[in-house]
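Some notes on the structure that comes next.
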Amino acid sequence: MALRKNESIEDYLECILILGEKKPVVRGVDVANEMGFKKSSVSVAMKNLREKGHITVSEEGYISLTETGKQIAEMIYERHTLLTEWFVNIGIDPKTASDDACKVEHDISGESFEAIKKYVMSQRVNCAGCDHYVRSNSK
């Protein structure tokens, strides 16, 4: 199944956010390696994200999220981690939970996500690592 345009944008922004937390600088090659895409495909995507004002790219090729890019990335990452946690808590294997969360995170309404978030937060009891589900880029 081909990614919808916004889903692809959101995945790239989320990937840049996660890489930025792990590395001192993020480059196109890092995004390509993390997502398993060709460098040429990532280059086109980065141009698109730049034109939309979601990222900036320095002369050295370092990628940074703009404020709007960061807001989108953080929203998607929060959805991914919380949905993964919820799926794991109801008995789904962590890999499957993460993969399914990746599919749902783009389509769920704000109202439904907030209701799930409220429920998950109310159920947390000594949950070591609940905030630590790492995204698996299985697309």
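Ordered as shown in the structure tokens, chains take letters A, B, and onward, while each chain numbers its residues from 1 and ligands are numbered from 1 in the order shown.
Per DSSP on the backbone, strand (DSSP E or B) in stretch 6-100 of chain A comprises Arg27, Ile55, Thr56, Val57, Tyr62, Ile63, Ser64 and Leu65 of chain A.
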Contact residues around A:Leu65 with only C-alpha atoms at 12 Å, ignoring same-chain residues under 4 positions, as a ChimeraX atom specification: /A:10,12-21,25-27,46,49-50,52-58,69-74
d(atom CA of A:Asp99, atom CA of A:Ile76) in Å: 13.7 Å
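Closest approach to A:Asp100 among A:Leu83, A:Met75, A:Ile116, A:Ala32 is made by A:Leu83 (distances from only C-alpha atoms).
Each of A:Ile63, A:Val104, A:Ile9, A:Ile90 was compared to A:Pro24 using only C-alpha atoms, and A:Ile63 turns out to be the nearest.
Taking atom CA of A:Asp30 as the reference point, atom CA of A:His106 is found at 22.9 Å.
Comparing A:Tyr77, A:Met121, A:Asn48, A:Lys103 by their smallest distance to A:Glu7, the closest is A:Lys103 (using only C-alpha atoms).
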Sel. of helix (DSSP H, G or I) residues, chain A, as a PyMOL selection string: chain A and resi 5-22+28-35+39-51+67-89+94-104+110-123
Interatomic distance (Å, one decimal) between atom CA of A:Trp86 and atom CA of A:Asp11: 20.3 Å
Top pick for closest residue to A:Ser8, considering A:Glu78, A:Gly61, A:Arg124, A:Cys102 and counting only C-alpha atoms: A:Cys102
Residue among A:Ala115, A:Val88, A:Val29, A:Ile108 lying closest to A:Ser43, counting only C-alpha atoms: A:Val29
